[in-house]
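All remarks here apply to the structure that follows.
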Amino acid sequence: MSLQILYFAWVRERVGAARETVTTEAPTVAALVAELVARDDRYAAAFADTAALRVALDQELADFSAPLDGVREVAFFPPMTGG
Amino acid sequence: MAVRVQAEPFDIGAETGAFATGRTDAGAVVTFTGVVRDTRGGLQRMEIEHYPGMTERAIAAIAAEAIARWNLIDCLVIHRYGPLPPGEPIMMVATAAAHRAEAFAAAEFLMDYLKSRAPFWKKEVTATGEDWVAARDEDEAALRRW
């Protein structure tokens with residue numbers, strides 16, 4: 001499947017891109033992260049501590065254990081600091 | 001209910017006036033404005049990044065919940081993004097309800113949820129460098145009271 005991946009804030013800076021399209025068969029967010037980390041050091045730096053990260057699937061907050069079935073857009077970012 | 005996510009400045013007085021004027025059913029209107037604060041001295045600007053699409057959806061969901069829980073007559077959320085100098089308004093919420101207790105509580109609820117559940121990130125830029133503002137445990141804890 002083809003996924004749009006978006007990165008925000010320091011995750012974007014460490015990955016060095018705001019968005020990209022990846023082809024993957026990863027069943028879960030955690031499996032997708034493992035694939036990315038194995039691909040390049042930039043991802044290893046961004047995903048060094050996933051407890052410090054949040055993920056959204058199709059613009060809804062989700063868990064790293066969530067399945068990617070039918071998902072089109074995955075976003076990774078640090079805890080939000082609005083207001 | 002109105003939700004606006006914008007780079008442009010907004011006029012607090014004009015927004016409050018437009019929101020509060022001409023209502024006969026609301027006994028209480030509460031507004032809150034968030035302002036860029038120079039916490040350590042030497043702040044040149046705050047850069048606010050957001051997630052277009054999700055931001056509007058997340059705020060609309062939070063506002064809808066506030067309306068339902070406190071039986072609000074109306075609510076308004078404005079949140080800016082982009083580079084903002086110290087002293088500049090970042091965001092505002094306004095709530096209208098029959099009585100003040102509901103209007104105050106809903107405004108606080110909106111603020112607590114916007115801080116930790118709306119996809120915004122702040123970066124402080126000073127003469128010596130730049131730092132992403134870290135989320136605070138107190139902000140996460142504040143959600144539990146609701």
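Within each chain, counting starts at residue 1; across the structure tokens, chains are named A, B, ... in the order shown, with ligands numbered 1 upward in that order.
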What are the closest atom pairs, with distances in Å to one decimal, for all residues of chain B lying within 12 Å of chain A? Consider only C-alpha atoms, order rows by chain and residue number, and present the result as a Markdown table.
```
| residue | atom | partner | partner_atom | distance |
| --- | --- | --- | --- | --- |
| B:Val5 | CA | A:Gly82 | CA | 11.8 |
| B:Phe32 | CA | A:Gly83 | CA | 10.3 |
| B:Thr33 | CA | A:Gly83 | CA | 9.1 |
| B:Gly34 | CA | A:Gly83 | CA | 6.5 |
| B:Val35 | CA | A:Gly83 | CA | 9.0 |
| B:Val36 | CA | A:Gly83 | CA | 9.9 |
| B:Arg37 | CA | A:Gly83 | CA | 11.9 |
| B:Met46 | CA | A:Gly82 | CA | 11.8 |
| B:Glu47 | CA | A:Ala9 | CA | 10.2 |
| B:Ile48 | CA | A:Gly82 | CA | 8.4 |
| B:Glu49 | CA | A:Ala9 | CA | 6.9 |
| B:His50 | CA | A:Phe8 | CA | 7.7 |
| B:Tyr51 | CA | A:Phe8 | CA | 7.6 |
| B:Pro52 | CA | A:Gln59 | CA | 9.5 |
| B:Gly53 | CA | A:Gln59 | CA | 7.4 |
| B:Met54 | CA | A:Gln59 | CA | 5.0 |
| B:Thr55 | CA | A:Gln59 | CA | 8.5 |
| B:Glu56 | CA | A:Gln59 | CA | 10.1 |
| B:Arg57 | CA | A:Gln59 | CA | 8.0 |
| B:Ala58 | CA | A:Glu60 | CA | 8.0 |
| B:Ile59 | CA | A:Gly82 | CA | 10.8 |
| B:Ala61 | CA | A:Glu60 | CA | 10.8 |
| B:Val77 | CA | A:Gly83 | CA | 10.4 |
| B:Ile78 | CA | A:Gly83 | CA | 9.9 |
| B:His79 | CA | A:Gly83 | CA | 7.6 |
| B:Arg80 | CA | A:Gly83 | CA | 9.5 |
| B:Tyr81 | CA | A:Gly82 | CA | 9.8 |
| B:Pro89 | CA | A:Gly83 | CA | 10.4 |
| B:Ile90 | CA | A:Gly83 | CA | 7.4 |
| B:Met91 | CA | A:Gly83 | CA | 6.5 |
| B:Met92 | CA | A:Gly83 | CA | 8.3 |
| B:Val93 | CA | A:Gly83 | CA | 9.6 |
| B:Ala107 | CA | A:Gly83 | CA | 11.9 |
| B:Glu108 | CA | A:Gly83 | CA | 11.2 |
| B:Phe109 | CA | A:Gly83 | CA | 11.7 |
| B:Leu110 | CA | A:Gly83 | CA | 9.4 |
| B:Met111 | CA | A:Gly83 | CA | 6.4 |
| B:Asp112 | CA | A:Gly83 | CA | 8.1 |
| B:Tyr113 | CA | A:Gly83 | CA | 8.7 |
| B:Leu114 | CA | A:Gly83 | CA | 5.7 |
| B:Lys115 | CA | A:Gly82 | CA | 4.2 |
| B:Ser116 | CA | A:Met80 | CA | 5.2 |
| B:Arg117 | CA | A:Met80 | CA | 6.4 |
| B:Ala118 | CA | A:Gly82 | CA | 6.3 |
| B:Pro119 | CA | A:Met80 | CA | 5.5 |
| B:Phe120 | CA | A:Gly82 | CA | 4.8 |
| B:Trp121 | CA | A:Thr81 | CA | 4.9 |
| B:Lys122 | CA | A:Thr81 | CA | 6.2 |
| B:Lys123 | CA | A:Ala9 | CA | 8.2 |
| B:Glu124 | CA | A:Thr81 | CA | 11.9 |
| B:Glu130 | CA | A:Trp10 | CA | 11.2 |
| B:Asp131 | CA | A:Trp10 | CA | 9.3 |
| B:Trp132 | CA | A:Trp10 | CA | 7.2 |
| B:Val133 | CA | A:Thr81 | CA | 7.1 |
| B:Ala134 | CA | A:Thr81 | CA | 7.2 |
| B:Ala135 | CA | A:Thr81 | CA | 5.7 |
| B:Arg136 | CA | A:Thr81 | CA | 8.5 |
| B:Asp137 | CA | A:Pro79 | CA | 10.5 |
| B:Asp139 | CA | A:Thr81 | CA | 9.1 |
| B:Glu140 | CA | A:Pro79 | CA | 9.7 |
```
Close residues, Asp63 in chain A itself excluded, 10 Å, only C-alpha atoms, min 3 positions apart in chain, as an MDAnalysis selection string: chainID A and resid 28:30 54:57 66:67
Hey, can you spit out that residue selection with N, CA, C and O atoms as a PDB file, in the first residue's frame?
```pdb
ATOM      1  N   THR A  28       1.287  -2.339  11.217  1.00  0.00           N
ATOM      2  CA  THR A  28       0.979  -1.388  12.299  1.00  0.00           C
ATOM      3  C   THR A  28       1.890  -0.168  12.202  1.00  0.00           C
ATOM      4  O   THR A  28       2.897  -0.182  11.489  1.00  0.00           O
ATOM      5  N   VAL A  29       1.561   0.856  12.973  1.00  0.00           N
ATOM      6  CA  VAL A  29       2.407   2.047  13.044  1.00  0.00           C
ATOM      7  C   VAL A  29       3.804   1.654  13.530  1.00  0.00           C
ATOM      8  O   VAL A  29       4.815   2.079  12.957  1.00  0.00           O
ATOM      9  N   ALA A  30       3.863   0.827  14.572  1.00  0.00           N
ATOM     10  CA  ALA A  30       5.163   0.430  15.133  1.00  0.00           C
ATOM     11  C   ALA A  30       6.016  -0.276  14.076  1.00  0.00           C
ATOM     12  O   ALA A  30       7.234  -0.047  13.994  1.00  0.00           O
ATOM     13  N   ARG A  54       3.969  11.455  19.168  1.00  0.00           N
ATOM     14  CA  ARG A  54       2.539  11.180  18.964  1.00  0.00           C
ATOM     15  C   ARG A  54       2.345  10.809  17.501  1.00  0.00           C
ATOM     16  O   ARG A  54       3.137  11.199  16.644  1.00  0.00           O
ATOM     17  N   VAL A  55       1.263  10.062  17.232  1.00  0.00           N
ATOM     18  CA  VAL A  55       0.966   9.694  15.853  1.00  0.00           C
ATOM     19  C   VAL A  55      -0.511   9.945  15.576  1.00  0.00           C
ATOM     20  O   VAL A  55      -1.357   9.775  16.466  1.00  0.00           O
ATOM     21  N   ALA A  56      -0.797  10.397  14.367  1.00  0.00           N
ATOM     22  CA  ALA A  56      -2.189  10.558  13.937  1.00  0.00           C
ATOM     23  C   ALA A  56      -2.384   9.754  12.651  1.00  0.00           C
ATOM     24  O   ALA A  56      -1.517   9.761  11.773  1.00  0.00           O
ATOM     25  N   LEU A  57      -3.501   9.045  12.578  1.00  0.00           N
ATOM     26  CA  LEU A  57      -3.858   8.287  11.378  1.00  0.00           C
ATOM     27  C   LEU A  57      -5.063   8.959  10.739  1.00  0.00           C
ATOM     28  O   LEU A  57      -6.106   9.122  11.385  1.00  0.00           O
ATOM     29  N   ALA A  66      -1.561   0.756  16.622  1.00  0.00           N
ATOM     30  CA  ALA A  66      -2.741   0.766  15.746  1.00  0.00           C
ATOM     31  C   ALA A  66      -2.434   0.159  14.379  1.00  0.00           C
ATOM     32  O   ALA A  66      -1.335   0.334  13.840  1.00  0.00           O
ATOM     33  N   PRO A  67      -3.410  -0.569  13.799  1.00  0.00           N
ATOM     34  CA  PRO A  67      -3.224  -1.128  12.456  1.00  0.00           C
ATOM     35  C   PRO A  67      -3.270  -0.047  11.385  1.00  0.00           C
ATOM     36  O   PRO A  67      -3.907   0.994  11.575  1.00  0.00           O
TER      37      PRO A  67
END
```
From a backbone DSSP assignment, name each residue in chain A labelled strand (DSSP E), as an NGL selection string. :A and (2-7 or 19-23 or 54-57 or 60-62 or 73-77)
Expected file: the selected residues, C-alpha atoms, as a PDB file, in the first residue's frame:
```
ATOM      1  CA  SER A   2       0.996   3.605  -0.541  1.00  0.00           C
ATOM      2  CA  LEU A   3       1.045   5.918   2.487  1.00  0.00           C
ATOM      3  CA  GLN A   4       1.467   9.677   2.810  1.00  0.00           C
ATOM      4  CA  ILE A   5       3.704  10.330   5.815  1.00  0.00           C
ATOM      5  CA  LEU A   6       3.844  13.777   7.407  1.00  0.00           C
ATOM      6  CA  TYR A   7       6.359  15.038   9.962  1.00  0.00           C
ATOM      7  CA  ARG A  19       6.160  14.776   3.887  1.00  0.00           C
ATOM      8  CA  GLU A  20       6.863  11.779   1.711  1.00  0.00           C
ATOM      9  CA  THR A  21       5.051   8.897   0.078  1.00  0.00           C
ATOM     10  CA  VAL A  22       6.159   5.383   1.013  1.00  0.00           C
ATOM     11  CA  THR A  23       5.143   1.976  -0.232  1.00  0.00           C
ATOM     12  CA  ARG A  54       2.539  11.180  18.964  1.00  0.00           C
ATOM     13  CA  VAL A  55       0.966   9.694  15.853  1.00  0.00           C
ATOM     14  CA  ALA A  56      -2.189  10.558  13.937  1.00  0.00           C
ATOM     15  CA  LEU A  57      -3.858   8.287  11.378  1.00  0.00           C
ATOM     16  CA  GLU A  60      -7.073  11.364  14.262  1.00  0.00           C
ATOM     17  CA  LEU A  61      -4.746  10.705  17.220  1.00  0.00           C
ATOM     18  CA  ALA A  62      -3.854   7.007  17.465  1.00  0.00           C
ATOM     19  CA  GLU A  73      -2.145   9.538   5.903  1.00  0.00           C
ATOM     20  CA  VAL A  74       0.169   8.986   8.866  1.00  0.00           C
ATOM     21  CA  ALA A  75       1.591  11.942  10.812  1.00  0.00           C
ATOM     22  CA  PHE A  76       4.358  11.880  13.422  1.00  0.00           C
ATOM     23  CA  PHE A  77       4.961  14.763  15.813  1.00  0.00           C
TER      24      PHE A  77
END
```
Find the residues near range 103-105 of chain B: any atom within 10 Å, counting only C-alpha atoms, skip ones fewer than 2 places away on the same chain, and give them as a PDB file with N, CA and C atoms, in the first residue's frame.
```pdb
ATOM      1  N   ALA B  26     -28.000  35.097  25.838  1.00  0.00           N
ATOM      2  CA  ALA B  26     -26.807  34.791  26.626  1.00  0.00           C
ATOM      3  C   ALA B  26     -26.666  35.787  27.774  1.00  0.00           C
ATOM      4  N   GLY B  27     -26.621  35.280  29.008  1.00  0.00           N
ATOM      5  CA  GLY B  27     -26.385  36.162  30.143  1.00  0.00           C
ATOM      6  C   GLY B  27     -24.901  36.352  30.401  1.00  0.00           C
ATOM      7  N   ALA B  28     -24.075  35.535  29.774  1.00  0.00           N
ATOM      8  CA  ALA B  28     -22.639  35.574  30.060  1.00  0.00           C
ATOM      9  C   ALA B  28     -21.820  35.339  28.802  1.00  0.00           C
ATOM     10  N   VAL B  29     -20.833  36.210  28.596  1.00  0.00           N
ATOM     11  CA  VAL B  29     -19.844  35.993  27.540  1.00  0.00           C
ATOM     12  C   VAL B  29     -18.470  36.069  28.185  1.00  0.00           C
ATOM     13  N   VAL B  30     -17.669  35.014  27.999  1.00  0.00           N
ATOM     14  CA  VAL B  30     -16.303  34.976  28.524  1.00  0.00           C
ATOM     15  C   VAL B  30     -15.339  34.921  27.355  1.00  0.00           C
ATOM     16  N   THR B  31     -14.274  35.737  27.428  1.00  0.00           N
ATOM     17  CA  THR B  31     -13.239  35.628  26.395  1.00  0.00           C
ATOM     18  C   THR B  31     -11.886  35.435  27.055  1.00  0.00           C
ATOM     19  N   PHE B  32     -11.020  34.707  26.365  1.00  0.00           N
ATOM     20  CA  PHE B  32      -9.648  34.531  26.799  1.00  0.00           C
ATOM     21  C   PHE B  32      -8.764  34.808  25.595  1.00  0.00           C
ATOM     22  N   ALA B  66     -17.468  21.108  24.049  1.00  0.00           N
ATOM     23  CA  ALA B  66     -17.720  22.192  25.016  1.00  0.00           C
ATOM     24  C   ALA B  66     -19.168  22.675  24.916  1.00  0.00           C
ATOM     25  N   ILE B  67     -19.659  22.824  23.702  1.00  0.00           N
ATOM     26  CA  ILE B  67     -21.040  23.286  23.491  1.00  0.00           C
ATOM     27  C   ILE B  67     -22.024  22.302  24.119  1.00  0.00           C
ATOM     28  N   ARG B  69     -21.402  19.969  26.503  1.00  0.00           N
ATOM     29  CA  ARG B  69     -21.273  19.777  27.956  1.00  0.00           C
ATOM     30  C   ARG B  69     -21.803  20.937  28.760  1.00  0.00           C
ATOM     31  N   TRP B  70     -21.633  22.161  28.278  1.00  0.00           N
ATOM     32  CA  TRP B  70     -22.044  23.340  29.047  1.00  0.00           C
ATOM     33  C   TRP B  70     -23.229  24.057  28.421  1.00  0.00           C
ATOM     34  N   ASN B  71     -23.849  23.390  27.453  1.00  0.00           N
ATOM     35  CA  ASN B  71     -25.047  23.959  26.832  1.00  0.00           C
ATOM     36  C   ASN B  71     -24.785  25.387  26.343  1.00  0.00           C
ATOM     37  N   LEU B  72     -23.659  25.555  25.676  1.00  0.00           N
ATOM     38  CA  LEU B  72     -23.289  26.897  25.207  1.00  0.00           C
ATOM     39  C   LEU B  72     -24.239  27.373  24.112  1.00  0.00           C
ATOM     40  N   ILE B  73     -24.437  28.659  24.089  1.00  0.00           N
ATOM     41  CA  ILE B  73     -25.219  29.264  23.016  1.00  0.00           C
ATOM     42  C   ILE B  73     -24.326  29.443  21.786  1.00  0.00           C
ATOM     43  N   ASP B  74     -23.049  29.740  22.046  1.00  0.00           N
ATOM     44  CA  ASP B  74     -22.117  29.883  20.921  1.00  0.00           C
ATOM     45  C   ASP B  74     -20.691  29.786  21.445  1.00  0.00           C
ATOM     46  N   CYS B  75     -19.766  29.483  20.559  1.00  0.00           N
ATOM     47  CA  CYS B  75     -18.349  29.599  20.932  1.00  0.00           C
ATOM     48  C   CYS B  75     -17.503  29.923  19.711  1.00  0.00           C
ATOM     49  N   ALA B  94     -13.877  32.429  22.876  1.00  0.00           N
ATOM     50  CA  ALA B  94     -15.013  33.138  23.456  1.00  0.00           C
ATOM     51  C   ALA B  94     -16.144  32.132  23.621  1.00  0.00           C
ATOM     52  N   THR B  95     -16.830  32.247  24.755  1.00  0.00           N
ATOM     53  CA  THR B  95     -17.970  31.359  25.002  1.00  0.00           C
ATOM     54  C   THR B  95     -19.166  32.207  25.414  1.00  0.00           C
ATOM     55  N   ALA B  96     -20.326  31.803  24.985  1.00  0.00           N
ATOM     56  CA  ALA B  96     -21.569  32.479  25.381  1.00  0.00           C
ATOM     57  C   ALA B  96     -22.494  31.424  25.970  1.00  0.00           C
ATOM     58  N   ALA B  97     -23.003  31.730  27.178  1.00  0.00           N
ATOM     59  CA  ALA B  97     -23.896  30.790  27.853  1.00  0.00           C
ATOM     60  C   ALA B  97     -24.960  31.580  28.604  1.00  0.00           C
ATOM     61  N   ALA B  98     -25.949  30.873  29.113  1.00  0.00           N
ATOM     62  CA  ALA B  98     -26.997  31.548  29.875  1.00  0.00           C
ATOM     63  C   ALA B  98     -26.415  32.160  31.143  1.00  0.00           C
ATOM     64  N   HIS B  99     -25.487  31.420  31.791  1.00  0.00           N
ATOM     65  CA  HIS B  99     -24.931  31.869  33.071  1.00  0.00           C
ATOM     66  C   HIS B  99     -23.410  31.810  33.043  1.00  0.00           C
ATOM     67  N   ARG B 100     -22.769  32.579  33.944  1.00  0.00           N
ATOM     68  CA  ARG B 100     -21.305  32.718  33.874  1.00  0.00           C
ATOM     69  C   ARG B 100     -20.558  31.442  34.217  1.00  0.00           C
ATOM     70  N   ALA B 101     -21.093  30.616  35.141  1.00  0.00           N
ATOM     71  CA  ALA B 101     -20.357  29.405  35.533  1.00  0.00           C
ATOM     72  C   ALA B 101     -20.082  28.531  34.308  1.00  0.00           C
ATOM     73  N   ALA B 107     -14.747  27.845  28.741  1.00  0.00           N
ATOM     74  CA  ALA B 107     -13.555  28.530  28.227  1.00  0.00           C
ATOM     75  C   ALA B 107     -12.285  27.856  28.759  1.00  0.00           C
ATOM     76  N   GLU B 108     -12.300  27.460  30.033  1.00  0.00           N
ATOM     77  CA  GLU B 108     -11.134  26.773  30.607  1.00  0.00           C
ATOM     78  C   GLU B 108     -10.931  25.398  29.971  1.00  0.00           C
ATOM     79  N   PHE B 109     -12.021  24.697  29.771  1.00  0.00           N
ATOM     80  CA  PHE B 109     -11.963  23.393  29.107  1.00  0.00           C
ATOM     81  C   PHE B 109     -11.361  23.547  27.702  1.00  0.00           C
ATOM     82  N   LEU B 110     -11.852  24.531  26.963  1.00  0.00           N
ATOM     83  CA  LEU B 110     -11.337  24.764  25.607  1.00  0.00           C
ATOM     84  C   LEU B 110      -9.841  25.040  25.643  1.00  0.00           C
ATOM     85  N   MET B 111      -9.398  25.871  26.597  1.00  0.00           N
ATOM     86  CA  MET B 111      -7.981  26.205  26.689  1.00  0.00           C
ATOM     87  C   MET B 111      -7.134  24.980  27.019  1.00  0.00           C
ATOM     88  N   TRP B 146     -11.299  17.278  33.655  1.00  0.00           N
ATOM     89  CA  TRP B 146     -12.530  17.304  32.865  1.00  0.00           C
ATOM     90  C   TRP B 146     -13.066  15.901  32.650  1.00  0.00           C
TER      91      TRP B 146
END
```
Considering only helix (DSSP H, G or I) as DSSP defines it on the backbone, what residues of range 18-98 of chain B qualify? List them as a ChimeraX atom specification. /B:18-20,54-70
For the selection you just gave me, I'd like the residues written to a file as a CSV table (one decimal), in the first residue's frame, keeping all heavy atoms.
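This went into again-v4.csv:
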```csv
chain,number,residue,atom,x,y,z
B,18,ALA,N,-18.1,41.6,18.1
B,18,ALA,CA,-18.9,40.9,17.1
B,18,ALA,C,-19.5,39.7,17.8
B,18,ALA,O,-20.7,39.3,17.5
B,18,ALA,CB,-18.1,40.5,15.9
B,19,PHE,N,-18.8,39.0,18.7
B,19,PHE,CA,-19.3,37.8,19.3
B,19,PHE,C,-20.3,38.1,20.4
B,19,PHE,O,-21.3,37.4,20.5
B,19,PHE,CB,-18.1,37.1,20.0
B,19,PHE,CG,-18.5,35.7,20.6
B,19,PHE,CD1,-18.6,34.6,19.8
B,19,PHE,CD2,-18.7,35.6,22.0
B,19,PHE,CE1,-19.0,33.4,20.4
B,19,PHE,CE2,-19.1,34.4,22.5
B,19,PHE,CZ,-19.2,33.3,21.7
B,20,ALA,N,-20.1,39.2,21.1
B,20,ALA,CA,-21.0,39.5,22.3
B,20,ALA,C,-22.2,40.3,22.0
B,20,ALA,O,-23.2,40.3,22.7
B,20,ALA,CB,-20.2,40.2,23.4
B,54,MET,N,-6.0,18.7,10.1
B,54,MET,CA,-6.3,18.1,11.4
B,54,MET,C,-6.5,19.2,12.4
B,54,MET,O,-7.3,19.0,13.3
B,54,MET,CB,-5.1,17.2,11.8
B,54,MET,CG,-5.3,16.6,13.2
B,54,MET,SD,-4.0,15.5,13.7
B,54,MET,CE,-4.5,15.2,15.4
B,55,THR,N,-5.8,20.3,12.3
B,55,THR,CA,-6.0,21.4,13.3
B,55,THR,C,-7.5,21.8,13.3
B,55,THR,O,-8.1,21.9,14.4
B,55,THR,CB,-5.2,22.6,12.9
B,55,THR,OG1,-3.9,22.2,12.6
B,55,THR,CG2,-5.1,23.6,14.0
B,56,GLU,N,-8.1,22.1,12.2
B,56,GLU,CA,-9.5,22.6,12.1
B,56,GLU,C,-10.4,21.5,12.7
B,56,GLU,O,-11.3,21.8,13.4
B,56,GLU,CB,-9.9,22.9,10.7
B,56,GLU,CG,-9.2,24.2,10.2
B,56,GLU,CD,-7.7,23.9,9.6
B,56,GLU,OE1,-7.2,22.8,9.7
B,56,GLU,OE2,-7.2,24.9,9.1
B,57,ARG,N,-10.2,20.2,12.3
B,57,ARG,CA,-11.0,19.1,12.7
B,57,ARG,C,-10.9,18.9,14.2
B,57,ARG,O,-11.9,18.7,14.9
B,57,ARG,CB,-10.5,17.8,12.1
B,57,ARG,CG,-11.0,17.6,10.7
B,57,ARG,CD,-10.4,16.4,10.0
B,57,ARG,NE,-10.8,15.2,10.7
B,57,ARG,CZ,-10.6,14.0,10.2
B,57,ARG,NH1,-10.2,13.9,8.9
B,57,ARG,NH2,-11.0,12.9,10.8
B,58,ALA,N,-9.7,19.0,14.8
B,58,ALA,CA,-9.5,18.8,16.2
B,58,ALA,C,-10.1,19.9,17.0
B,58,ALA,O,-10.8,19.6,18.0
B,58,ALA,CB,-8.0,18.7,16.5
B,59,ILE,N,-10.0,21.1,16.6
B,59,ILE,CA,-10.6,22.2,17.3
B,59,ILE,C,-12.1,22.2,17.2
B,59,ILE,O,-12.8,22.4,18.2
B,59,ILE,CB,-10.1,23.6,16.8
B,59,ILE,CG1,-8.6,23.7,17.0
B,59,ILE,CG2,-10.8,24.8,17.5
B,59,ILE,CD1,-8.0,25.0,16.4
B,60,ALA,N,-12.6,21.8,16.0
B,60,ALA,CA,-14.1,21.7,15.9
B,60,ALA,C,-14.7,20.7,16.8
B,60,ALA,O,-15.7,20.8,17.4
B,60,ALA,CB,-14.5,21.5,14.4
B,61,ALA,N,-13.9,19.6,17.0
B,61,ALA,CA,-14.4,18.5,17.8
B,61,ALA,C,-14.4,18.9,19.3
B,61,ALA,O,-15.3,18.7,20.1
B,61,ALA,CB,-13.5,17.2,17.7
B,62,ILE,N,-13.3,19.6,19.7
B,62,ILE,CA,-13.2,20.1,21.1
B,62,ILE,C,-14.3,21.2,21.3
B,62,ILE,O,-15.0,21.1,22.4
B,62,ILE,CB,-11.8,20.8,21.3
B,62,ILE,CG1,-10.7,19.7,21.2
B,62,ILE,CG2,-11.7,21.5,22.7
B,62,ILE,CD1,-9.3,20.2,21.0
B,63,ALA,N,-14.6,22.0,20.4
B,63,ALA,CA,-15.6,23.1,20.5
B,63,ALA,C,-17.0,22.4,20.6
B,63,ALA,O,-17.8,22.9,21.4
B,63,ALA,CB,-15.5,24.1,19.4
B,64,ALA,N,-17.2,21.4,19.8
B,64,ALA,CA,-18.5,20.8,19.8
B,64,ALA,C,-18.8,20.1,21.2
B,64,ALA,O,-19.9,20.1,21.7
B,64,ALA,CB,-18.6,19.7,18.7
B,65,GLU,N,-17.7,19.5,21.8
B,65,GLU,CA,-17.8,18.9,23.1
B,65,GLU,C,-18.1,20.0,24.1
B,65,GLU,O,-19.0,19.7,25.0
B,65,GLU,CB,-16.6,18.1,23.4
B,65,GLU,CG,-16.8,17.3,24.7
B,65,GLU,CD,-15.7,16.4,25.1
B,65,GLU,OE1,-14.7,16.2,24.3
B,65,GLU,OE2,-15.6,16.0,26.3
B,66,ALA,N,-17.5,21.1,24.0
B,66,ALA,CA,-17.7,22.2,25.0
B,66,ALA,C,-19.2,22.7,24.9
B,66,ALA,O,-19.8,22.9,25.9
B,66,ALA,CB,-16.8,23.4,24.8
B,67,ILE,N,-19.7,22.8,23.7
B,67,ILE,CA,-21.0,23.3,23.5
B,67,ILE,C,-22.0,22.3,24.1
B,67,ILE,O,-23.0,22.7,24.8
B,67,ILE,CB,-21.3,23.5,22.0
B,67,ILE,CG1,-20.5,24.7,21.5
B,67,ILE,CG2,-22.8,23.6,21.7
B,67,ILE,CD1,-20.5,24.8,20.0
B,68,ALA,N,-21.8,21.0,23.9
B,68,ALA,CA,-22.7,20.0,24.4
B,68,ALA,C,-22.6,19.9,25.9
B,68,ALA,O,-23.7,19.8,26.6
B,68,ALA,CB,-22.3,18.6,23.8
B,69,ARG,N,-21.4,20.0,26.5
B,69,ARG,CA,-21.3,19.8,28.0
B,69,ARG,C,-21.8,20.9,28.8
B,69,ARG,O,-22.3,20.7,29.9
B,69,ARG,CB,-19.8,19.5,28.3
B,69,ARG,CG,-19.4,18.1,28.1
B,69,ARG,CD,-18.0,17.9,28.4
B,69,ARG,NE,-17.7,17.9,29.9
B,69,ARG,CZ,-16.6,17.4,30.4
B,69,ARG,NH1,-15.6,16.9,29.6
B,69,ARG,NH2,-16.4,17.5,31.7
B,70,TRP,N,-21.6,22.2,28.3
B,70,TRP,CA,-22.0,23.3,29.0
B,70,TRP,C,-23.2,24.1,28.4
B,70,TRP,O,-23.5,25.2,28.8
B,70,TRP,CB,-20.8,24.3,29.3
B,70,TRP,CG,-19.9,23.7,30.3
B,70,TRP,CD1,-20.1,23.7,31.6
B,70,TRP,CD2,-18.7,22.9,30.0
B,70,TRP,NE1,-19.0,23.1,32.2
B,70,TRP,CE2,-18.2,22.6,31.3
B,70,TRP,CE3,-18.1,22.5,28.9
B,70,TRP,CZ2,-17.0,21.8,31.4
B,70,TRP,CZ3,-16.9,21.8,29.0
B,70,TRP,CH2,-16.4,21.4,30.3
```
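Here CA of Leu68 in chain A stands at a distance of 5.6 Å from CA of Pro27 in chain A.
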Leaving out Ala34 in chain A and any residue of its chain fewer than 6 positions from it, which residues lie within 12 Å of it when counting only C-alpha atoms, given as an NGL selection string? :A and (24 or 26-28 or 40-41 or 43-44 or 46-48 or 50 or 64)
